[in-house]
>>> print(open('query.cif').read())   # mmCIF, C-alpha atoms and all ligand atoms
data_run
loop_
_atom_site.label_atom_id
_atom_site.label_comp_id
_atom_site.auth_asym_id
_atom_site.auth_seq_id
_atom_site.Cartn_x
_atom_site.Cartn_y
_atom_site.Cartn_z
CA MET A 140 -3.19 -22.10 17.39
CA GLN A 141 -6.69 -22.61 16.13
CA GLN A 142 -9.50 -21.08 18.05
CA ASN A 143 -12.61 -20.70 16.06
CA SER A 144 -15.09 -19.67 18.65
CA SER A 145 -16.18 -16.43 20.16
CA TRP A 146 -17.51 -15.40 23.52
CA VAL A 147 -20.90 -15.04 21.83
CA PRO A 148 -22.37 -18.35 20.64
CA LEU A 149 -22.63 -18.67 16.84
CA PHE A 150 -20.30 -15.72 16.27
CA PRO A 151 -16.99 -16.11 14.49
CA GLU A 152 -13.96 -15.23 16.53
CA GLN A 153 -12.93 -11.60 16.81
CA ALA A 154 -9.60 -11.68 15.04
CA SER A 155 -9.01 -8.19 13.71
CA THR A 156 -9.07 -4.65 15.02
CA PHE A 157 -12.40 -4.18 13.21
CA ALA A 158 -14.12 -7.09 14.90
CA PRO A 159 -14.87 -5.43 18.26
CA GLN A 160 -16.00 -2.23 16.50
CA VAL A 161 -18.40 -4.06 14.19
CA ASP A 162 -19.67 -6.30 16.98
CA ASN A 163 -20.20 -3.39 19.38
CA LEU A 164 -22.20 -1.52 16.77
CA TYR A 165 -24.19 -4.65 16.06
CA PHE A 166 -24.94 -5.29 19.73
CA TYR A 167 -25.92 -1.64 20.12
CA LEU A 168 -28.45 -2.09 17.28
CA ILE A 169 -29.73 -5.30 18.80
CA GLY A 170 -29.99 -3.56 22.18
CA ILE A 171 -32.06 -0.72 20.76
CA SER A 172 -34.31 -3.11 18.84
CA ALA A 173 -34.78 -5.33 21.86
CA PHE A 174 -35.53 -2.35 24.13
CA PHE A 175 -38.28 -1.02 21.87
CA THR A 176 -39.70 -4.41 20.97
CA ILE A 177 -40.02 -5.41 24.59
CA GLY A 178 -41.27 -1.95 25.60
CA ILE A 179 -43.95 -1.95 22.92
CA PHE A 180 -45.16 -5.41 23.83
CA LEU A 181 -45.28 -4.54 27.52
CA ALA A 182 -47.28 -1.40 26.70
CA ILE A 183 -49.69 -3.38 24.53
CA THR A 184 -50.23 -5.87 27.31
CA TYR A 185 -50.71 -3.15 29.92
CA PHE A 186 -53.13 -1.12 27.79
CA PHE A 187 -54.97 -4.26 26.84
CA VAL A 188 -55.82 -4.85 30.46
CA ARG A 189 -56.06 -1.26 31.65
CA PHE A 190 -58.33 0.04 28.90
CA ARG A 191 -60.44 -3.00 28.27
CA GLU A 192 -64.16 -2.31 27.70
CA LYS A 193 -65.91 -1.85 31.01
CA GLU A 194 -69.11 -0.28 29.87
CA LYS A 195 -70.92 -0.45 26.50
CA TYR A 196 -70.91 2.79 24.47
CA ALA A 197 -68.62 4.72 26.85
CA THR A 198 -67.08 7.91 25.41
CA GLY A 199 -63.32 8.35 25.70
CA ALA A 200 -61.64 11.41 27.20
CA GLU A 201 -60.91 14.23 24.75
CA ILE A 202 -57.20 14.73 24.05
CA HIS A 203 -55.82 18.01 22.69
CA GLY A 204 -52.20 17.09 22.16
CA SER A 205 -49.14 17.96 24.17
CA VAL A 206 -46.22 19.94 22.79
CA PRO A 207 -43.67 18.65 25.33
CA LEU A 208 -44.70 15.06 24.68
CA GLU A 209 -44.52 15.43 20.88
CA THR A 210 -41.15 17.19 21.12
CA PHE A 211 -39.88 14.38 23.31
CA TRP A 212 -40.89 11.60 20.96
CA SER A 213 -39.41 13.44 17.99
CA ILE A 214 -36.08 14.35 19.55
CA VAL A 215 -35.30 11.07 21.25
CA PRO A 216 -35.66 8.92 18.10
CA PHE A 217 -33.64 11.55 16.20
CA ILE A 218 -30.79 11.27 18.68
CA ILE A 219 -30.96 7.48 18.61
CA SER A 220 -30.88 7.34 14.82
CA MET A 221 -27.97 9.79 14.70
CA THR A 222 -25.93 7.61 17.06
CA ILE A 223 -26.59 4.67 14.74
CA PHE A 224 -25.57 6.75 11.73
CA LEU A 225 -22.41 8.07 13.37
CA GLY A 226 -21.40 4.64 14.67
CA GLY A 227 -21.88 3.17 11.20
CA ALA A 228 -20.01 6.02 9.52
CA VAL A 229 -17.01 5.69 11.83
CA VAL A 230 -16.79 1.94 11.24
CA PHE A 231 -17.25 2.41 7.50
CA TYR A 232 -14.58 5.09 7.08
CA ASN A 233 -12.22 3.12 9.22
CA GLN A 234 -12.66 0.02 7.06
CA TYR A 235 -12.54 1.57 3.62
CA ARG A 236 -9.62 3.97 4.08
CA PRO A 237 -6.45 1.92 4.30
CA PRO A 238 -3.65 3.48 6.37
CA ALA A 239 -0.65 4.66 4.36
CA ASP A 240 1.73 2.17 5.92
CA ALA A 241 -0.29 -0.92 4.97
CA SER A 242 1.54 -3.65 3.04
CA GLU A 243 -0.23 -4.41 -0.16
CA ILE A 244 -1.30 -7.82 -1.39
CA TYR A 245 -2.84 -8.24 -4.82
CA VAL A 246 -5.96 -10.36 -5.13
CA VAL A 247 -7.46 -11.67 -8.34
CA GLY A 248 -10.70 -13.61 -8.17
CA LYS A 249 -11.83 -15.95 -10.90
CA GLN A 250 -14.37 -18.71 -11.22
CA TRP A 251 -13.74 -20.34 -8.75
CA MET A 252 -10.62 -19.52 -6.88
CA TRP A 253 -8.78 -16.72 -5.15
CA LYS A 254 -5.28 -15.83 -6.28
CA PHE A 255 -3.02 -13.80 -4.02
CA GLN A 256 0.34 -12.28 -4.72
CA HIS A 257 2.62 -10.79 -2.11
CA GLN A 258 4.90 -7.84 -2.77
CA THR A 259 7.82 -10.20 -2.34
CA GLY A 260 6.57 -12.36 -5.20
CA GLN A 261 5.03 -15.31 -3.36
CA ARG A 262 1.82 -16.49 -4.93
CA GLU A 263 -0.96 -18.38 -3.22
CA ILE A 264 -4.25 -19.88 -4.25
CA ASN A 265 -7.18 -20.05 -1.83
CA GLU A 266 -4.79 -19.47 1.04
CA LEU A 267 -3.52 -16.22 2.39
CA HIS A 268 -0.72 -15.95 4.92
CA VAL A 269 -0.39 -12.68 6.80
CA PRO A 270 1.57 -11.54 9.83
CA VAL A 271 -0.27 -10.65 13.02
CA GLY A 272 -0.47 -7.00 14.08
CA GLN A 273 0.37 -5.54 10.69
CA ASN A 274 -1.80 -3.37 8.49
CA ILE A 275 -2.53 -5.37 5.36
CA LYS A 276 -4.20 -3.86 2.33
CA LEU A 277 -5.80 -6.01 -0.35
CA THR A 278 -6.01 -4.53 -3.85
CA MET A 279 -8.54 -6.68 -5.62
CA THR A 280 -10.02 -7.34 -9.00
CA THR A 281 -11.49 -10.24 -10.95
CA GLU A 282 -10.87 -11.94 -14.27
CA ASP A 283 -14.50 -12.75 -14.94
CA VAL A 284 -17.59 -12.02 -12.89
CA LEU A 285 -18.39 -10.32 -9.59
CA HIS A 286 -17.00 -12.03 -6.53
CA ASP A 287 -16.75 -10.86 -2.96
CA VAL A 288 -13.91 -11.35 -0.50
CA SER A 289 -15.32 -12.05 2.93
CA ILE A 290 -13.34 -12.86 6.08
CA PRO A 291 -15.92 -13.16 8.84
CA ALA A 292 -13.41 -13.36 11.69
CA PHE A 293 -12.03 -10.00 10.58
CA ARG A 294 -15.56 -8.58 10.08
CA THR A 295 -14.64 -7.35 6.66
CA LYS A 296 -15.82 -7.99 3.15
CA ALA A 297 -15.88 -6.21 -0.19
CA ASP A 298 -17.03 -6.87 -3.71
CA VAL A 299 -14.45 -7.69 -6.34
CA VAL A 300 -15.58 -6.00 -9.52
CA PRO A 301 -14.61 -6.72 -13.14
CA GLY A 302 -12.66 -3.83 -14.64
CA ARG A 303 -12.03 -2.09 -11.37
CA TYR A 304 -9.78 -2.17 -8.33
CA THR A 305 -11.36 -2.31 -4.94
CA THR A 306 -9.44 -2.29 -1.68
CA ILE A 307 -9.98 -3.40 1.87
CA TRP A 308 -7.54 -3.53 4.71
CA PHE A 309 -7.31 -5.19 8.08
CA ASN A 310 -5.03 -5.67 11.03
CA ALA A 311 -5.25 -9.21 12.35
CA THR A 312 -4.98 -9.46 16.11
CA LYS A 313 -4.77 -13.19 16.79
CA PRO A 314 -2.69 -15.90 15.15
CA GLY A 315 -4.92 -18.64 13.79
CA LYS A 316 -6.67 -20.06 10.79
CA TYR A 317 -9.78 -18.28 9.59
CA HIS A 318 -12.34 -18.87 6.89
CA LEU A 319 -12.18 -16.95 3.66
CA PHE A 320 -15.34 -16.95 1.58
CA CYS A 321 -16.69 -15.69 -1.70
CA ALA A 322 -19.81 -13.82 -0.64
CA GLU A 323 -21.31 -13.00 -4.03
CA TYR A 324 -23.07 -15.67 -6.05
CA CYS A 325 -20.78 -16.25 -9.01
CA GLY A 326 -21.84 -19.47 -10.67
CA LEU A 327 -21.80 -23.22 -10.25
CA ASN A 328 -19.00 -23.58 -7.71
CA HIS A 329 -19.57 -20.36 -5.82
CA SER A 330 -20.00 -22.25 -2.57
CA GLY A 331 -16.62 -23.90 -3.04
CA MET A 332 -14.81 -20.64 -3.77
CA GLY A 333 -13.08 -20.06 -0.51
CA GLY A 334 -10.15 -20.98 1.60
CA TRP A 335 -8.23 -19.97 4.66
CA VAL A 336 -6.44 -16.97 5.99
CA TYR A 337 -3.46 -17.93 8.14
CA VAL A 338 -2.48 -15.28 10.64
CA MET A 339 1.06 -15.92 11.86
CA GLU A 340 3.48 -14.41 14.35
CA GLN A 341 5.96 -12.22 12.50
CA ARG A 342 8.75 -14.76 12.99
CA ASP A 343 6.62 -17.63 11.63
CA PHE A 344 5.53 -15.43 8.77
CA ASP A 345 9.14 -14.62 7.87
CA ASN A 346 9.88 -18.35 7.92
CA TRP A 347 6.90 -18.99 5.73
CA LEU A 348 8.04 -16.34 3.27
CA SER A 349 11.52 -17.79 3.09
CA GLY A 350 10.16 -21.31 2.71
CA ASN A 351 8.08 -20.24 -0.25
CA VAL A 352 10.51 -19.31 -2.91
CA SER A 353 9.17 -16.30 -4.62
CA GLY A 354 8.90 -15.80 -8.32
CA GLN A 355 9.23 -12.32 -9.65
CA THR A 356 7.74 -9.70 -7.42
CA PRO A 357 4.77 -7.92 -8.99
CA ALA A 358 6.98 -4.92 -9.72
CA GLU A 359 9.63 -7.10 -11.37
CA ALA A 360 7.04 -8.89 -13.46
CA GLY A 361 5.61 -5.52 -14.45
CA LYS A 362 9.06 -4.20 -15.41
CA ASP A 363 9.58 -7.20 -17.61
CA LEU A 364 6.23 -6.73 -19.32
CA PHE A 365 6.92 -3.04 -19.69
CA GLU A 366 10.41 -3.35 -21.13
CA ASN A 367 10.35 -6.65 -22.97
CA LYS A 368 7.09 -8.41 -23.48
CA LEU A 369 4.77 -5.54 -24.30
CA GLY A 370 7.38 -3.03 -25.42
CA CYS A 371 5.85 -0.12 -23.52
CA ALA A 372 9.34 1.27 -22.93
CA SER A 373 9.84 2.12 -26.59
CA CYS A 374 7.37 4.98 -26.27
CA HIS A 375 7.37 5.61 -22.51
CA GLN A 376 11.06 6.35 -22.17
CA MET A 377 12.84 7.42 -19.05
CA ASN A 378 13.47 10.84 -20.58
CA ASP A 379 10.94 13.18 -22.12
CA GLN A 380 11.80 12.22 -25.69
CA GLY A 381 9.33 9.34 -26.04
CA ARG A 382 6.08 9.48 -27.92
CA GLY A 383 4.28 8.73 -24.70
CA PRO A 384 4.66 10.46 -21.35
CA LYS A 385 7.51 9.42 -19.11
CA LEU A 386 6.17 7.51 -16.12
CA THR A 387 8.94 7.94 -13.58
CA GLY A 388 7.84 9.71 -10.43
CA LYS A 389 4.28 10.07 -11.69
CA TYR A 390 2.28 7.77 -9.44
CA GLY A 391 -0.06 9.64 -7.13
CA THR A 392 0.55 12.97 -8.87
CA ASP A 393 -2.02 14.94 -10.82
CA GLN A 394 -1.96 14.59 -14.59
CA LYS A 395 -3.35 17.26 -16.87
CA LEU A 396 -5.38 15.76 -19.67
CA ALA A 397 -5.73 16.95 -23.26
CA SER A 398 -9.36 17.65 -22.44
CA GLY A 399 -8.23 20.22 -19.87
CA GLU A 400 -9.24 18.25 -16.81
CA ALA A 401 -6.76 16.99 -14.27
CA ILE A 402 -6.79 13.45 -13.00
CA LYS A 403 -4.91 11.73 -10.23
CA ILE A 404 -2.60 8.98 -11.45
CA ASP A 405 -3.79 6.01 -9.43
CA ASP A 406 -4.25 2.29 -10.01
CA ALA A 407 -7.51 2.81 -11.84
CA TYR A 408 -6.07 5.46 -14.19
CA ILE A 409 -3.08 3.29 -15.08
CA ARG A 410 -5.30 0.30 -15.72
CA ASN A 411 -7.65 2.34 -17.85
CA SER A 412 -4.77 3.87 -19.80
CA ILE A 413 -3.53 0.41 -20.75
CA LEU A 414 -6.90 -0.98 -21.77
CA ASN A 415 -8.51 2.15 -23.13
CA PRO A 416 -5.61 4.45 -23.98
CA THR A 417 -7.44 7.09 -25.97
CA ALA A 418 -10.00 7.81 -23.25
CA GLN A 419 -7.82 10.04 -21.06
CA ILE A 420 -4.90 11.43 -23.07
CA ALA A 421 -2.17 13.24 -21.16
CA GLU A 422 -1.80 16.86 -22.18
CA GLY A 423 0.71 17.38 -24.98
CA PHE A 424 0.50 13.85 -26.40
CA GLN A 425 -1.27 12.32 -29.37
CA PRO A 426 -3.85 9.53 -29.01
CA ILE A 427 -1.62 7.01 -30.76
CA MET A 428 -1.25 4.31 -28.17
CA PRO A 429 -2.89 1.01 -29.16
CA THR A 430 -5.12 -0.74 -26.70
CA PHE A 431 -3.80 -3.75 -24.83
CA LYS A 432 -7.27 -5.07 -24.11
CA GLY A 433 -7.29 -8.85 -24.47
CA GLN A 434 -3.49 -9.01 -24.45
CA VAL A 435 -2.87 -8.63 -20.76
CA THR A 436 -4.46 -10.59 -17.94
CA GLU A 437 -5.68 -9.02 -14.74
CA GLU A 438 -2.61 -10.34 -12.98
CA GLN A 439 -0.34 -8.73 -15.55
CA LEU A 440 -2.24 -5.46 -15.20
CA VAL A 441 -1.68 -5.61 -11.46
CA SER A 442 2.04 -6.16 -12.12
CA LEU A 443 2.21 -3.19 -14.48
CA VAL A 444 0.51 -1.00 -11.89
CA ALA A 445 2.98 -2.25 -9.25
CA TYR A 446 5.89 -1.44 -11.57
CA ILE A 447 4.72 2.07 -12.35
CA LYS A 448 4.13 2.59 -8.65
CA SER A 449 7.70 1.44 -8.01
CA LEU A 450 8.97 4.20 -10.32
CA GLY A 451 8.14 6.63 -7.57
CA GLY A 452 5.73 9.45 -7.17
CA ASN A 453 3.66 11.23 -4.67
CA SER A 454 2.34 8.41 -2.60
CA ALA A 455 5.19 7.73 -0.20
CA GLY A 456 3.24 5.25 1.87
CA THR A 457 2.14 3.06 -0.96
CA VAL A 458 5.34 3.18 -2.90
CA GLY A 459 7.40 2.53 0.18
CA THR A 460 5.51 -0.66 0.86
CA ALA A 461 6.98 -2.49 -2.05
CA THR A 462 10.48 -2.04 -0.74
CA SER A 463 9.88 -2.05 2.96
CA SER A 464 7.93 -5.27 2.99
CA SER A 465 10.44 -6.93 0.75
CA THR A 466 13.14 -6.31 3.32
CA THR A 467 11.30 -8.67 5.62
CA GLY A 468 11.82 -11.60 3.34
CA GLY A 469 14.59 -9.98 1.37
CA GLY A 470 17.48 -11.72 3.05
CA THR A 471 15.98 -15.03 2.20
CA ARG A 472 15.09 -14.44 -1.38
CA THR A 473 16.78 -16.84 -3.66
CA GLY A 474 18.92 -16.26 -6.67
CA SER A 475 16.16 -17.05 -9.07
CA SER A 476 14.35 -13.82 -8.47
CA ASN A 477 17.57 -11.86 -8.50
CA SER A 478 18.64 -13.27 -11.79
CA ALA A 479 15.26 -12.27 -13.09
CA ASN A 480 16.29 -8.73 -12.32
CA ASN A 481 19.33 -8.98 -14.49
CA GLY A 482 17.40 -9.09 -17.68
CA ASN A 483 17.51 -12.76 -18.48
CA SER A 484 14.69 -12.30 -20.86
CA SER A 485 13.97 -15.90 -21.70
CA GLN A 486 13.21 -16.46 -18.06
CA LEU A 487 11.68 -13.09 -17.72
CA VAL A 488 8.94 -13.30 -20.22
CA ALA A 489 6.32 -14.48 -17.85
CA PRO A 490 5.80 -14.57 -14.14
CA ARG A 491 6.08 -18.17 -13.13
CA ALA A 492 2.97 -20.24 -12.98
CA ASP A 493 1.24 -20.64 -9.67
CA ARG A 494 2.51 -23.49 -7.66
CA GLY A 495 -0.24 -26.03 -7.47
CA ASP A 496 -0.26 -28.71 -4.84
CA ALA A 497 -2.67 -31.49 -4.08
CA ASN A 498 -5.20 -29.05 -2.74
CA SER A 499 -4.84 -26.02 -4.89
CA GLN A 500 -5.36 -25.84 -8.55
CA GLY A 501 -2.38 -24.22 -10.17
CA SER A 502 -2.97 -22.01 -13.12
CA ASN A 503 -0.77 -20.17 -15.50
CA PRO A 504 -1.71 -16.51 -15.77
CA ASN A 505 0.13 -16.32 -19.07
CA ALA A 506 -1.51 -19.22 -20.78
CA PRO A 507 -2.73 -18.40 -24.27
CA ASP A 508 -6.24 -17.10 -24.72
CA GLU A 509 -7.65 -20.44 -25.81
CA TYR A 510 -6.87 -21.77 -22.38
CA SER A 511 -9.82 -21.47 -20.10
CA GLU A 512 -11.02 -22.80 -16.84
CA PRO A 513 -14.07 -25.04 -17.05
CA THR A 514 -17.21 -22.99 -17.01
CA ASN A 515 -20.80 -23.97 -16.56
CA ARG A 516 -21.20 -24.11 -20.27
CA ASN A 517 -18.23 -26.39 -20.81
CA ARG A 518 -19.35 -28.66 -18.09
CA GLY A 519 -22.77 -28.90 -19.61
CA GLY A 520 -21.21 -29.73 -22.96
CA ASN A 521 -19.11 -32.51 -21.52
CA LYS A 522 -22.05 -34.51 -20.37
CU1 LIG A 601 -16.88 -16.13 -6.46
CU2 LIG A 601 -19.02 -16.48 -5.47
#
>>> encode(input="query.cif", output="structure tokens", more="lines below")
Ligand code: CUA
Amino acid sequence: MQQNSSWVPLFPEQASTFAPQVDNLYFYLIGISAFFTIGIFLAITYFFVRFREKEKYATGAEIHGSVPLETFWSIVPFIISMTIFLGGAVVFYNQYRPPADASEIYVVGKQWMWKFQHQTGQREINELHVPVGQNIKLTMTTEDVLHDVSIPAFRTKADVVPGRYTTIWFNATKPGKYHLFCAEYCGLNHSGMGGWVYVMEQRDFDNWLSGNVSGQTPAEAGKDLFENKLGCASCHQMNDQGRGPKLTGKYGTDQKLASGEAIKIDDAYIRNSILNPTAQIAEGFQPIMPTFKGQVTEEQLVSLVAYIKSLGGNSAGTVGTATSSSTTGGGTRTGSSNSANNGNSSQLVAPRADRGDANSQGSNPNAPDEYSEPTNRNRGGNK
């Protein structure tokens, strides 16, 4: 199942729908560069011989310019550069606008590992399993510094930015095992911050899902935080009587702000409203919500966003994903996640810790603040 070569030497395999597009554009650029480089060198060589000095102090012919010639050498490069621009724009828009039916996977980068969580609750570290032929959208952020998700075989990469959600999507075309890299220098172990993407046939992927007992799904974990752990529900009630706005059916809709502007309720707005609640107050409400900065991890924020999304709204495609993709593995989900649904709050308080095995470092997203991964500074201090 592993094929890690391409028909072009030194190129990673073409394993997503983007790969041929990116490669074709790249070869087109190389072709143009090669054509002009070779042409210019041939011309230099020819002129070098043809116009070499035959007679001392000869006077050259007078040239008065040529409108057709100048028009030609202005228009042709313009057309060439526009084809490059249009090719690049098509590839860019294609890559950075996820289709509505894409299944979402949450990605949190931290020094120095990648954490993934599927809509069905499975968590992975430095490994990502995806089905072949499906649109997959990654919603990504980071707990510390800039990182960059890069999957060369899919010809896609994007920065992962502190305090912000970025997204990429892809549709893998070949089952196999492909490199996953961090492509932004992020400290001591940057070069080791990577792993593998496993592209599997749908049947194998379903087996994999069922073999990896899920914890709470992101939406379930978010519900638990919302109702129990953080107590959001005491103000954001399901009716309009709460001190904060009701959140049911709001995702993807436009919200009028106290300042008079309107803003679309998206992942970024929800995140910002949790961390910086007084910045964008919904019309008709008082700025009384306390900030939750420092009290929720990036993974918990992602869960809260997933929960609010699951309450419905305007974005049928995105909201639908949570349920539609869970049907794939739904039949195989075990009782543990179902009991979580029933409000067993002692179990509910935190999403379960990542499963660590010999190769992946497990980490508990809910560990107290004092807990920290080793950093450069700590390492230095341990010497
Ligand atoms: Cu993370 Cu480089």
>>> residues_around(input="query.cif", residues="region 323-327 of chain A", least_positions_apart="3", cutoff="8 Å", atoms="all atoms listed in the file", output="list of chain:residue names")
A:Gln250, A:Val284, A:Leu285, A:His286, A:Asp287, A:Asp298, A:Ser330, A:Asn515
>>> residues_near_ligand(input="query.cif", ligand="ligand LIG 601 (chain A)", cutoff="12 Å", atoms="all atoms listed in the file", output="VMD selection string")
chain A and resid 247 to 254 265 280 to 289 297 to 301 319 to 334
>>> residues_around(input="query.cif", residues="Phe365 (chain A)", least_positions_apart="4", cutoff="10 Å", atoms="all atoms listed in the file", output="ChimeraX atom specification")
/A:359-361,369-373,375,442-443,446-447
>>> residues_around(input="query.cif", residues="region 423-428 of chain A", least_positions_apart="3", cutoff="8 Å", atoms="all atoms listed in the file", output="PyMOL selection string")
chain A and resi 382-384+397+416-417+420
>>> atom_distance(input="query.cif", atom1="CA of Arg294 (chain A)", atom2="CA of Val444 (chain A)")
28.3 Å
>>> atom_distance(input="query.cif", atom1="CA of Ala407 (chain A)", atom2="CA of Lys362 (chain A)")
18.3 Å
>>> atom_distance(input="query.cif", atom1="CA of Met339 (chain A)", atom2="CA of Pro314 (chain A)")
5.0 Å
>>> residues_around(input="query.cif", residues="Ala401 (chain A)", least_positions_apart="5", cutoff="12 Å", atoms="all atoms listed in the file", output="list in words")
Thr392, Asp393, Gln394, Lys395, Leu396, Tyr408, Gln419, Ile420, Ala421 and Glu422 of chain A
>>> closest_residue(input="query.cif", among="A:Lys403, A:Lys276, A:Lys368, A:His268", to="Gln341 (chain A)", atoms="all atoms listed in the file")
A:His268
>>> closest_residue(input="query.cif", among="A:Phe255, A:Asn415, A:Lys316, A:Glu266", to="Val441 (chain A)", atoms="only C-alpha atoms")
A:Phe255
>>> closest_residue(input="query.cif", among="A:Asn163, A:Leu149, A:Pro216, A:Ile402", to="Phe175 (chain A)", atoms="only C-alpha atoms")
A:Pro216
